[in-house]
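Participant: This structure is in structure tokens; I'll ask about it shortly.
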Amino acid sequence: MLAVTGTDLLQSLVIGVVNGAVYALIALGLVLVYRSSGIFNFAQAEFGTVAVYGAWFSFTHWGLPYVVAALFGVVCGIVAALTTERFVIRPLSQGPKVTLLVATAGIALLSIGVAFWRTGDNALQFFDPLTKAEGLRIAGVQVSGQRLLTLLLLLVAVALLTAFFRSPYGLAVLAASQDADASALVGLDVNRISMLVWGIAGTLGAFAGILLQGGNSFTPGAITSLALIPGFTAAVIGGLTSLPGAVVGGMVIGMLESFGRLSTFDFIPGASSVSVFVVLLLVLLVRPEGLLGGRAAT
Amino acid sequence: MTAVDPTLQLDTLQVPAETPEQDGSTGPSAAGWIARGAVWAFLAWLVLLYPANIASPFDVPAFDANRMSEAVIFAIIGLSLNVLIGYAGQVSLGHQAFVGIGAFTSAYVVTDLTQEVVLGVLVAALVGAVQSLLLGLVSLRLTGLYFALVTLVYGVMAQQSIFAIEAFTGGTAGKAAARPTGFESDYRYYYFALIGLVAVLLIDWRMLRTKGGRAILALRENPRVAQTWGIDTKAYTLFAFAIAGLFAGLGGGLLAHRDLQVVANPFDFNLALVFVLMTTVGGLRNRTGVVLGSLFFAFLRNGYLVEKLRLEEGFGPIPGPLDVIDLSPEFAPLVIGPILLLVVLTRLRGGFGQLARPFQEWLAGRRFRWIPADEEVTINDVRA
């Protein structure tokens with residue numbers, strides 16, 4: 001068994017934060033939807049996959065310039081989210097929560113299925129990352145410009161969302177989540193609010209997808225298989241209703257995974273996923289409202 | 001109803017039971033009974049004799065019998081998820097882990113501990129119940145669908161960690177799982193799986209009639225109201241988790257001995273989603289529907305439907321529908337499944353079970369008529 005040096009730990013820490021940023025972006029989208037409608041959205045990461053496919057398609061088939069293609073991808077992700085809201089979430093909004101959960105999982109699976117149908121299971125080669133900047137070398141780990149951009153975007157997203165929830169629009173979202181009927185009575189357009197929330201969630205998912213996949217090859221359901229489960233765990237650990245909690249949760253999951261890959265833990269098969277599972281159980285047992293959740297989420 | 005029945009007592013107001021005579025008919029005629037009897041006989045033949053290639057004009061290969069065993073086992077797993085989604089209003093997204101661990105447990109008991117297959121399958125069921133109970137205990141610390149998230153993470157963990165323990169799973173080569181004596185052939189094993197399904201159907205049916213079963217149904221509709229009636233919502237939800245885990249473990253055990261050699265690969269997250277799909281599309285809270293849905297998805301996955309209905313090749317000059325839309329049969333469940341799911345959720349509450357209801361009515365000697373699904377509305381309001 002190899003001893004773990006301080007450098008190893010530091011490197012794992014950096015890798016954890018960098019990977020955690022993507023999980024945190026997904027977790028933010030999950031928290032947003034959960035906070036405003038109490039829905040576990042299993043299609044959140046798939047909005048990212050849709051964005052990646054949109055960007056890839058417009059870039060290789062239509063020959064759009066690089067940045068335009070990426071933006072087109074984001075628009076695709078938003079459209080996917082809005083379509084989901086209009087045709088699946090809204091008709092089911094009076095139904096039980098478990099139905100909505102199953103429905104969002106169905107949306108994710110449908111998107112994966114359509115991608116398989118149209119492109120097969122060959123990995124498509126994606127174009128270059130959004131930025132080719134050299135990036136930084138932190139503790140011996142090369143952090144690419146793309147990764148730094150992800151971290152930056154994460155901070156911007158948290159700041160914007162926090163501001164949003166303080167604005168009249170954000171208050172309307174919270175009001176509608178607490179009592180949709182009463183909100184409608186005082187003149188809030190509940191459907192609009194729902195659209196707004198899903199639109200933002202789609203944007204977050206789309207950016208997460210484009211940033212995560214830039215420079216990598218991908219297969220159908222790429223973002224879902226990479227980031228959905230860590231994203232959910234991050235959101236739960238952070239308290240499911242807390243935006244900073246989602247970021248902290250994402251970082252925690254990223255670090256747990258990278259620490260789990262240290263050679264010290266080689267004797268446990270799948271140490272990364274075991275540690276994530278154990279931490280999730282511990283959080284639920286010791287502090288079920290989450291690390292930063294104010295009160296128990298209902 | 002305008003006139004009040006004078007025999008009704010005020011404190012025991014009862015809705016009069018619906019009788020077949022109400023619509024003026026007096027039950028089926030002799031010809032009607034003969035027709036129903038013929039259909040019953042056909043169904044009995046289809047379920048009991050056809051898969052084992054007995055009294056059949058078709059030559060059913062052993063391979064197909066094996067596929068049918070798989071479908072029957074899927075029905076058990078579907079009924080397991082039905083307890084969660086349909087009755088308890090919870091969902092498990094780690095059912096592949098329950099089933100997989102059940103499969104390896106049974107294989108372990110039979111191969112390494114050299115015990116009887118029946119014992120192995122029962123131990124698998126018990127292990128399933130215990131797992132589900134423990135995960136349920138943790139997730140019920142909060143109200144909401146946390147069971148879905150905990151099982152989701154558990155499933156990934158099982159896939160990467162538990163299935164990688166060589167002593168338990170035999171590594172990538174898998175673990176041998178012999179069949180029970182008397183059920184060695186693929187045809188015979190179908191009956192072994194069928195016995196399992198019948199047992200699960202019986203347990204499910206009787207369970208709903210117990211106090212616990214009624215309590216679970218009540219707390220799904222409105223936990224708060226159930227609580228005011230003195231129902232311990234937590235305890236009964238745990239009870240539902242245990243039953244679901246029991247069925248899933250049993251299904252896993254049966255699957256292990258069908259395959260003869262259990263490998264970990266198929267028990268991935270996709271499978272968990274297929275389980276959720278088949279249960280919901282089949283029709284929640286409807287045993288016939290869940291069984292039909294599970295059979296449909298099992299047959300779609302293992303290629304039986306594509307082959308028998310010639311969905312790919314078509315008939316002569318007529319191309320198969322899968323060929324027309326250029327969809328590889330491998331991905332067919334991934335495309336057709338979610339579409340069916342969304343249709344069922346938004347348009348056809350009750351799924352396959354709903355479609356089967358008129359036929360069931362007719363077979364039971366009543367008129368063939370459409371029975372609308374129950375409107376399902378969750379009352380989240382405290383004041384309700």
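The chains in the structure tokens are called A, B, ... from first to last as shown; in each chain the residues are counted from 1, and the ligands are counted from 1 in the order shown.
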Give me the chain B side of the contact with chain A, cut-off 6 Å, one line per residue showing its nearest atom pair and distance in Å at one decimal, counting only C-alpha atoms, sorted by chain and residue number, as CSV.

Facilitator:
```
residue,atom,partner,partner_atom,distance
B:Thr143,CA,A:Thr298,CA,5.8
B:Met157,CA,A:Ser273,CA,5.1
B:Gln160,CA,A:Gly270,CA,4.9
B:Ser161,CA,A:Gly270,CA,4.5
B:Leu327,CA,A:Trp117,CA,5.7
B:Leu334,CA,A:Gly113,CA,4.6
B:Val335,CA,A:Gly113,CA,4.6
B:Pro338,CA,A:Gly106,CA,5.0
B:Val377,CA,A:Gly95,CA,5.1
B:Thr378,CA,A:Pro96,CA,5.2
```

Participant: Based on the selection just made, write N, CA and C atoms of those residues as a PDB file, in the first residue's frame.

Facilitator:
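The resulting file, part-v1.pdb, is shown below:
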```
ATOM      1  N   THR B 143     -39.445  13.834   4.912  1.00  0.00           N
ATOM      2  CA  THR B 143     -40.595  13.522   4.092  1.00  0.00           C
ATOM      3  C   THR B 143     -40.239  13.839   2.649  1.00  0.00           C
ATOM      4  N   MET B 157     -23.455   2.503  -6.319  1.00  0.00           N
ATOM      5  CA  MET B 157     -22.465   1.947  -5.399  1.00  0.00           C
ATOM      6  C   MET B 157     -22.402   0.422  -5.571  1.00  0.00           C
ATOM      7  N   GLN B 160     -20.595  -0.572  -8.793  1.00  0.00           N
ATOM      8  CA  GLN B 160     -19.154  -0.372  -8.855  1.00  0.00           C
ATOM      9  C   GLN B 160     -18.413  -1.082  -7.733  1.00  0.00           C
ATOM     10  N   SER B 161     -19.120  -1.364  -6.641  1.00  0.00           N
ATOM     11  CA  SER B 161     -18.409  -1.916  -5.502  1.00  0.00           C
ATOM     12  C   SER B 161     -18.836  -3.347  -5.163  1.00  0.00           C
ATOM     13  N   LEU B 327     -34.998   2.270 -37.024  1.00  0.00           N
ATOM     14  CA  LEU B 327     -34.683   2.137 -35.599  1.00  0.00           C
ATOM     15  C   LEU B 327     -34.153   0.731 -35.350  1.00  0.00           C
ATOM     16  N   LEU B 334     -35.700   1.779 -25.700  1.00  0.00           N
ATOM     17  CA  LEU B 334     -35.297   3.110 -25.244  1.00  0.00           C
ATOM     18  C   LEU B 334     -36.125   4.213 -25.892  1.00  0.00           C
ATOM     19  N   VAL B 335     -36.628   3.945 -27.102  1.00  0.00           N
ATOM     20  CA  VAL B 335     -37.422   4.966 -27.793  1.00  0.00           C
ATOM     21  C   VAL B 335     -38.906   4.750 -27.510  1.00  0.00           C
ATOM     22  N   PRO B 338     -40.132   5.226 -23.319  1.00  0.00           N
ATOM     23  CA  PRO B 338     -40.451   6.545 -22.778  1.00  0.00           C
ATOM     24  C   PRO B 338     -41.650   7.199 -23.444  1.00  0.00           C
ATOM     25  N   VAL B 377     -55.575  12.833  -7.749  1.00  0.00           N
ATOM     26  CA  VAL B 377     -55.168  14.174  -7.380  1.00  0.00           C
ATOM     27  C   VAL B 377     -54.564  14.105  -5.992  1.00  0.00           C
ATOM     28  N   THR B 378     -53.379  14.642  -5.865  1.00  0.00           N
ATOM     29  CA  THR B 378     -52.785  14.667  -4.539  1.00  0.00           C
ATOM     30  C   THR B 378     -53.205  15.942  -3.837  1.00  0.00           C
TER      31      THR B 378
END
```

Participant: Using only C-alpha atoms, find each residue in range 180-291 of chain B having at least one atom no more than 10 Å away from range 63-84 of chain B; report its shortest atom-to-atom pair and that distance in Å (one decimal), rows by chain then rising number, as a tab-separated table.

Facilitator:
```
residue	atom	partner	partner_atom	distance
B:Ser185	CA	B:Asn66	CA	9.3
B:Asp186	CA	B:Asn66	CA	5.6
B:Tyr187	CA	B:Ala65	CA	5.6
B:Arg188	CA	B:Ala65	CA	8.9
B:Tyr189	CA	B:Ser69	CA	7.1
B:Tyr190	CA	B:Ser69	CA	4.8
B:Tyr191	CA	B:Ser69	CA	8.0
B:Phe192	CA	B:Ser69	CA	8.6
B:Ala193	CA	B:Ser69	CA	6.0
B:Leu194	CA	B:Val72	CA	6.4
B:Ile195	CA	B:Val72	CA	9.7
B:Gly196	CA	B:Ile76	CA	7.6
B:Leu197	CA	B:Ile76	CA	5.6
B:Val198	CA	B:Ile76	CA	8.9
B:Ala199	CA	B:Ile76	CA	9.4
B:Val200	CA	B:Ile76	CA	6.7
B:Leu201	CA	B:Leu79	CA	7.8
B:Asp204	CA	B:Leu79	CA	8.0
B:Leu208	CA	B:Val83	CA	9.8
B:Gly213	CA	B:Val83	CA	9.8
B:Ile216	CA	B:Val83	CA	9.2
B:Leu217	CA	B:Val83	CA	9.7
B:Arg220	CA	B:Leu84	CA	9.9
B:Thr237	CA	B:Leu84	CA	8.7
B:Ala240	CA	B:Val83	CA	6.4
B:Phe241	CA	B:Leu84	CA	6.7
B:Ala242	CA	B:Leu84	CA	9.8
B:Ile243	CA	B:Ser80	CA	7.3
B:Ala244	CA	B:Ser80	CA	4.4
B:Gly245	CA	B:Ser80	CA	7.1
B:Leu246	CA	B:Ser80	CA	7.8
B:Phe247	CA	B:Ser80	CA	5.2
B:Ala248	CA	B:Ile77	CA	5.3
B:Gly249	CA	B:Ile77	CA	8.6
B:Leu250	CA	B:Ile76	CA	8.0
B:Gly251	CA	B:Ile73	CA	5.5
B:Gly252	CA	B:Ile73	CA	8.1
B:Gly253	CA	B:Ile73	CA	9.5
B:Leu254	CA	B:Ile73	CA	6.8
B:Leu255	CA	B:Ile73	CA	6.6
B:Arg258	CA	B:Asn66	CA	7.3
B:Asp259	CA	B:Asn66	CA	8.6
B:Val274	CA	B:Gly78	CA	9.7
B:Phe275	CA	B:Gly78	CA	6.3
B:Val276	CA	B:Leu81	CA	7.0
B:Leu277	CA	B:Gly78	CA	9.2
B:Met278	CA	B:Gly78	CA	6.8
B:Thr279	CA	B:Gly78	CA	5.1
B:Thr280	CA	B:Asn82	CA	7.9
B:Gly282	CA	B:Gly78	CA	8.7
B:Gly283	CA	B:Asn82	CA	8.6
B:Leu284	CA	B:Asn82	CA	6.0
B:Arg285	CA	B:Asn82	CA	6.5
B:Asn286	CA	B:Asn82	CA	8.4
B:Arg287	CA	B:Leu79	CA	7.1
B:Thr288	CA	B:Leu79	CA	9.7
B:Gly289	CA	B:Leu79	CA	9.8
B:Val290	CA	B:Gly78	CA	6.0
B:Val291	CA	B:Ala75	CA	4.8
```

Participant: Go ahead and save the residues from that selection, with C-alpha atoms, as a PDB file, in the first residue's frame.

Facilitator:
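Contents of part-v1.pdb, as written:
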```
ATOM      1  CA  SER B 185     -34.766 -27.821 -18.680  1.00  0.00           C
ATOM      2  CA  ASP B 186     -35.695 -24.389 -20.037  1.00  0.00           C
ATOM      3  CA  TYR B 187     -39.307 -25.569 -20.467  1.00  0.00           C
ATOM      4  CA  ARG B 188     -39.529 -26.850 -16.907  1.00  0.00           C
ATOM      5  CA  TYR B 189     -37.888 -23.779 -15.434  1.00  0.00           C
ATOM      6  CA  TYR B 190     -40.698 -21.661 -16.857  1.00  0.00           C
ATOM      7  CA  TYR B 191     -43.019 -23.343 -14.367  1.00  0.00           C
ATOM      8  CA  PHE B 192     -40.617 -22.629 -11.530  1.00  0.00           C
ATOM      9  CA  ALA B 193     -40.696 -18.927 -12.424  1.00  0.00           C
ATOM     10  CA  LEU B 194     -44.467 -19.088 -12.829  1.00  0.00           C
ATOM     11  CA  ILE B 195     -44.852 -20.503  -9.310  1.00  0.00           C
ATOM     12  CA  GLY B 196     -42.877 -17.509  -8.081  1.00  0.00           C
ATOM     13  CA  LEU B 197     -45.154 -15.102  -9.940  1.00  0.00           C
ATOM     14  CA  VAL B 198     -48.303 -16.770  -8.609  1.00  0.00           C
ATOM     15  CA  ALA B 199     -46.916 -16.588  -5.075  1.00  0.00           C
ATOM     16  CA  VAL B 200     -46.143 -12.881  -5.483  1.00  0.00           C
ATOM     17  CA  LEU B 201     -49.595 -12.192  -6.958  1.00  0.00           C
ATOM     18  CA  ASP B 204     -49.851  -8.830  -3.138  1.00  0.00           C
ATOM     19  CA  LEU B 208     -53.869  -5.196   0.249  1.00  0.00           C
ATOM     20  CA  GLY B 213     -52.289  -2.850   3.018  1.00  0.00           C
ATOM     21  CA  ILE B 216     -50.427   2.017   2.795  1.00  0.00           C
ATOM     22  CA  LEU B 217     -53.112   2.936   0.272  1.00  0.00           C
ATOM     23  CA  ARG B 220     -50.350   7.425  -0.366  1.00  0.00           C
ATOM     24  CA  THR B 237     -44.117   2.988   4.391  1.00  0.00           C
ATOM     25  CA  ALA B 240     -44.123  -1.324   1.828  1.00  0.00           C
ATOM     26  CA  PHE B 241     -40.371  -0.951   1.249  1.00  0.00           C
ATOM     27  CA  ALA B 242     -39.781  -4.351   2.830  1.00  0.00           C
ATOM     28  CA  ILE B 243     -42.429  -6.039   0.687  1.00  0.00           C
ATOM     29  CA  ALA B 244     -41.023  -4.417  -2.462  1.00  0.00           C
ATOM     30  CA  GLY B 245     -37.488  -5.516  -1.519  1.00  0.00           C
ATOM     31  CA  LEU B 246     -38.785  -9.023  -0.835  1.00  0.00           C
ATOM     32  CA  PHE B 247     -40.337  -9.316  -4.298  1.00  0.00           C
ATOM     33  CA  ALA B 248     -37.283  -7.792  -5.991  1.00  0.00           C
ATOM     34  CA  GLY B 249     -34.905 -10.192  -4.224  1.00  0.00           C
ATOM     35  CA  LEU B 250     -37.141 -13.109  -5.149  1.00  0.00           C
ATOM     36  CA  GLY B 251     -37.146 -11.968  -8.777  1.00  0.00           C
ATOM     37  CA  GLY B 252     -33.360 -11.681  -8.679  1.00  0.00           C
ATOM     38  CA  GLY B 253     -32.983 -15.193  -7.293  1.00  0.00           C
ATOM     39  CA  LEU B 254     -35.236 -16.626  -9.998  1.00  0.00           C
ATOM     40  CA  LEU B 255     -33.343 -14.687 -12.665  1.00  0.00           C
ATOM     41  CA  ARG B 258     -32.690 -19.012 -15.203  1.00  0.00           C
ATOM     42  CA  ASP B 259     -29.369 -17.673 -16.483  1.00  0.00           C
ATOM     43  CA  VAL B 274     -36.816  -0.104 -17.625  1.00  0.00           C
ATOM     44  CA  PHE B 275     -38.341  -1.512 -14.431  1.00  0.00           C
ATOM     45  CA  VAL B 276     -39.928   1.842 -13.614  1.00  0.00           C
ATOM     46  CA  LEU B 277     -41.164   2.198 -17.200  1.00  0.00           C
ATOM     47  CA  MET B 278     -42.765  -1.223 -17.407  1.00  0.00           C
ATOM     48  CA  THR B 279     -44.567  -0.824 -14.100  1.00  0.00           C
ATOM     49  CA  THR B 280     -45.950   2.604 -14.891  1.00  0.00           C
ATOM     50  CA  GLY B 282     -48.519  -1.399 -17.298  1.00  0.00           C
ATOM     51  CA  GLY B 283     -50.760   0.566 -14.974  1.00  0.00           C
ATOM     52  CA  LEU B 284     -50.161   1.302 -11.333  1.00  0.00           C
ATOM     53  CA  ARG B 285     -52.338  -0.415  -8.732  1.00  0.00           C
ATOM     54  CA  ASN B 286     -53.553  -2.858 -11.346  1.00  0.00           C
ATOM     55  CA  ARG B 287     -51.990  -6.288 -11.076  1.00  0.00           C
ATOM     56  CA  THR B 288     -53.069  -7.438 -14.540  1.00  0.00           C
ATOM     57  CA  GLY B 289     -51.743  -4.226 -16.031  1.00  0.00           C
ATOM     58  CA  VAL B 290     -48.393  -4.443 -14.271  1.00  0.00           C
ATOM     59  CA  VAL B 291     -47.960  -8.034 -15.391  1.00  0.00           C
TER      60      VAL B 291
END
```

Participant: Can you list, as a PyMOL selection string, every protein, DNA or RNA residue that comes within 9 Å of range 240-242 of chain A when you count only C-alpha atoms, leaving out same-chain residues fewer than 6 positions away?

Facilitator: chain A and resi 27-28+30-32+34-35+232+234+289-290+292-294+297

Participant: Just give me the gap between CA of Met195 in chain A and CA of Val344 in chain B in Å, one decimal is fine.

Facilitator: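 Result for CA of Met195 in chain A versus CA of Val344 in chain B: 23.1 Å, one decimal.
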
Participant: Would you return as a list of chain:residue names the members of range 170-277 of chain B that DSSP assigns to strand (DSSP E or B) on this structure's backbone?

Facilitator: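 The strand (DSSP E or B) subset of range 170-277 of chain B is B:Lys175, B:Ala176, B:Gln261, B:Val262.
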
Participant: Using backbone DSSP assignments, extract all alpha helix (DSSP H) residues from range 28-149 of chain A; output them as an NGL selection string.

Facilitator: :A and (28-37 or 44-60 or 66-84 or 97-119 or 145-149)

Participant: Considering only C-alpha atoms, return as a ChimeraX atom specification whatever protein or nucleic-acid residues lie within 12 Å of Leu309 in chain B, sequence-local ones (same chain, fewer than 4 positions apart) excluded.

Facilitator: /B:299-300,303-305,313-315,319-322

Participant: What is the CA of Gly174 in chain B to CA of Ala148 in chain B distance in Å?

Facilitator: 28.3 Å

Participant: Would you pick out the contacts of Val110 in chain B at 7 Å or less, using only C-alpha atoms, so that residues sharing its chain but fewer than 6 positions from it are not included, and give the list as a list in words?

Facilitator: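 With the cut-off at 7 Å, the set is Glu116, Val117, Gly120 and Ala177 of chain B.
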
Participant: Grab the CA of Gln261 in chain B to CA of Leu126 in chain B distance for me, in Å with one decimal place.

Facilitator: 21.3 Å

Participant: Just checking: using only C-alpha atoms, which residue out of B:Thr111, B:Ser29, B:Ser139, B:Gln131 ends up closest to Gly170 in chain B?

Facilitator: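 With only C-alpha atoms as the atom set, the closest residue is B:Thr111.
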
Participant: Would you kindly return, as a list in words, each protein, DNA or RNA residue with an atom no farther than 6 Å from any atom of range 252-263 of chain A, considering only C-alpha atoms and excluding same-chain residues fewer than 6 positions away?

Facilitator: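 Contacts, in chain order: Ser12, Leu13, Gly16, Asn19, Gly20, Ala271 and Ser272 of chain A.
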